[in-house]
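Q: Quick one: structure below, then a few questions.
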Amino acid sequence: ITMAGAKKSTPAPKTLLDKIIYAIRAQPPKNPNGVSRTAITKYIQSELDVDTKKGSAQLKNAFKKGVEKGKLTQTGQSFRVAGDPMPDLPEEAKIKTDDLKEGTGPAAEAGDTVVMKYEGKLDDGSVFDAAS
């Protein structure tokens, strides 16, 4: 018997590698490298009830096997599921600079000491940093 509009439930991941893949897909990556090993470990521990402290060697081996088998892509300490599309990440905020008053002395060169006055403002006009 099936119910109209009912969703198929995803079977619970069984192997440690399956749990790692599940954890990666469950967390939106904050950078194009994927999800950090720490975030994956915390997710597995809290959401999938795996004692990652006792099984740290097993977890490390599961990450290693996942990369060796081509199931995971590793960049530094971050992982993505191989074959999954790259995430669309929001553009980084742009910094706008305005030269309000340009100096009149000689141009600074490498090794020179300079004195600079500046004021950093947010879009709403509030000052977040300044030096004089």
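Residue numbering restarts at 1 for every chain of the structure tokens, chains are lettered A, B, ... in their displayed order, and ligands are numbered from 1 as they appear.
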Give me, as a count of residues only, all polymer residues having an atom no more than 6 Å from range 54-66 of chain A, counting only C-alpha atoms and skipping those fewer than 5 positions away in the same chain.
A: 3
Q: Tell me, as an MDAnalysis selection string, which residues lie within 12 Å of Leu100 in chain A, counting only C-alpha atoms; anything in the same chain fewer than 6 positions away does not count.
A: chainID A and resid 117:119
Q: Using only C-alpha atoms, which residue out of A:Pro85, A:Asn33, A:Gln27, A:Val67 lies closest to Glu47 in chain A?
A: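 Going through A:Pro85, A:Asn33, A:Gln27, A:Val67 one by one, the smallest distance to Glu47 in chain A is for A:Gln27.
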Q: If you run DSSP on the backbone, which residues of range 10-100 of chain A are strand (DSSP E or B), as number ranges by chain?
A: A: 31, 34-36, 72-75, 78-81
Q: For those residues, write N, CA and C atoms to a file as an mmCIF file, in the first residue's frame.
A:
```
data_model
loop_
_atom_site.group_PDB
_atom_site.id
_atom_site.type_symbol
_atom_site.label_atom_id
_atom_site.label_comp_id
_atom_site.auth_asym_id
_atom_site.auth_seq_id
_atom_site.Cartn_x
_atom_site.Cartn_y
_atom_site.Cartn_z
ATOM 1 N N ASN A 31 32.562 26.603 2.393
ATOM 2 C CA ASN A 31 33.579 26.963 1.407
ATOM 3 C C ASN A 31 33.603 25.903 0.319
ATOM 4 N N GLY A 34 34.512 21.981 0.786
ATOM 5 C CA GLY A 34 33.618 20.998 1.373
ATOM 6 C C GLY A 34 33.389 21.259 2.842
ATOM 7 N N VAL A 35 33.151 20.168 3.583
ATOM 8 C CA VAL A 35 32.840 20.246 5.008
ATOM 9 C C VAL A 35 34.070 19.794 5.788
ATOM 10 N N SER A 36 34.390 20.499 6.855
ATOM 11 C CA SER A 36 35.593 20.175 7.632
ATOM 12 C C SER A 36 35.448 18.837 8.348
ATOM 13 N N LEU A 72 35.223 10.069 -1.729
ATOM 14 C CA LEU A 72 35.393 11.389 -1.125
ATOM 15 C C LEU A 72 36.512 12.143 -1.832
ATOM 16 N N THR A 73 36.368 13.451 -1.868
ATOM 17 C CA THR A 73 37.421 14.332 -2.367
ATOM 18 C C THR A 73 37.905 15.142 -1.178
ATOM 19 N N GLN A 74 39.228 15.120 -0.957
ATOM 20 C CA GLN A 74 39.791 15.828 0.189
ATOM 21 C C GLN A 74 40.606 17.024 -0.268
ATOM 22 N N THR A 75 40.383 18.160 0.398
ATOM 23 C CA THR A 75 41.197 19.356 0.215
ATOM 24 C C THR A 75 41.570 19.830 1.604
ATOM 25 N N SER A 78 39.182 19.278 4.698
ATOM 26 C CA SER A 78 37.778 19.347 4.300
ATOM 27 C C SER A 78 37.482 18.277 3.264
ATOM 28 N N PHE A 79 36.226 17.825 3.251
ATOM 29 C CA PHE A 79 35.829 16.730 2.379
ATOM 30 C C PHE A 79 34.530 17.054 1.646
ATOM 31 N N ARG A 80 34.446 16.567 0.403
ATOM 32 C CA ARG A 80 33.219 16.611 -0.387
ATOM 33 C C ARG A 80 32.958 15.200 -0.881
ATOM 34 N N VAL A 81 31.708 14.908 -1.228
ATOM 35 C CA VAL A 81 31.380 13.619 -1.820
ATOM 36 C C VAL A 81 31.719 13.721 -3.302
#
```
Q: Neighbouring residues of Pro32 in chain A were defined as those with any atom within 9 Å, considering only C-alpha atoms; residues of the same chain fewer than 3 positions away were excluded. Please report them as an NGL selection string.
A: :A and (29 or 35 or 80 or 86-89)
Q: Keeping only N, CA, C and O atoms, write the selected residues as a short mmCIF file (atom, residue, chain, number, x, y, z; two decimals), in the first residue's frame.
A:
```cif
data_model
loop_
_atom_site.label_atom_id
_atom_site.label_comp_id
_atom_site.auth_asym_id
_atom_site.auth_seq_id
_atom_site.Cartn_x
_atom_site.Cartn_y
_atom_site.Cartn_z
N PRO A 29 28.08 23.24 2.97
CA PRO A 29 29.49 23.66 3.09
C PRO A 29 29.60 25.18 3.12
O PRO A 29 28.82 25.88 2.49
N VAL A 35 33.15 20.17 3.58
CA VAL A 35 32.84 20.25 5.01
C VAL A 35 34.07 19.79 5.79
O VAL A 35 34.71 18.81 5.44
N ARG A 80 34.45 16.57 0.40
CA ARG A 80 33.22 16.61 -0.39
C ARG A 80 32.96 15.20 -0.88
O ARG A 80 33.87 14.39 -0.99
N MET A 86 29.28 21.06 -7.15
CA MET A 86 29.90 22.07 -6.30
C MET A 86 28.80 22.97 -5.75
O MET A 86 27.87 23.32 -6.47
N PRO A 87 28.91 23.36 -4.49
CA PRO A 87 27.86 24.21 -3.90
C PRO A 87 27.93 25.63 -4.45
O PRO A 87 29.00 26.12 -4.81
N ASP A 88 26.77 26.25 -4.54
CA ASP A 88 26.72 27.67 -4.90
C ASP A 88 26.92 28.46 -3.62
O ASP A 88 26.07 28.44 -2.73
N LEU A 89 28.07 29.09 -3.52
CA LEU A 89 28.37 29.85 -2.31
C LEU A 89 28.10 31.32 -2.56
O LEU A 89 28.30 31.82 -3.67
#
```
Q: When distances are computed from only C-alpha atoms, which of A:Asp18, A:Asp98, A:Phe128, A:Ala23 shows the smallest separation from Thr38 in chain A?
A: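 Using only C-alpha atoms, Thr38 in chain A sits closest to A:Ala23.
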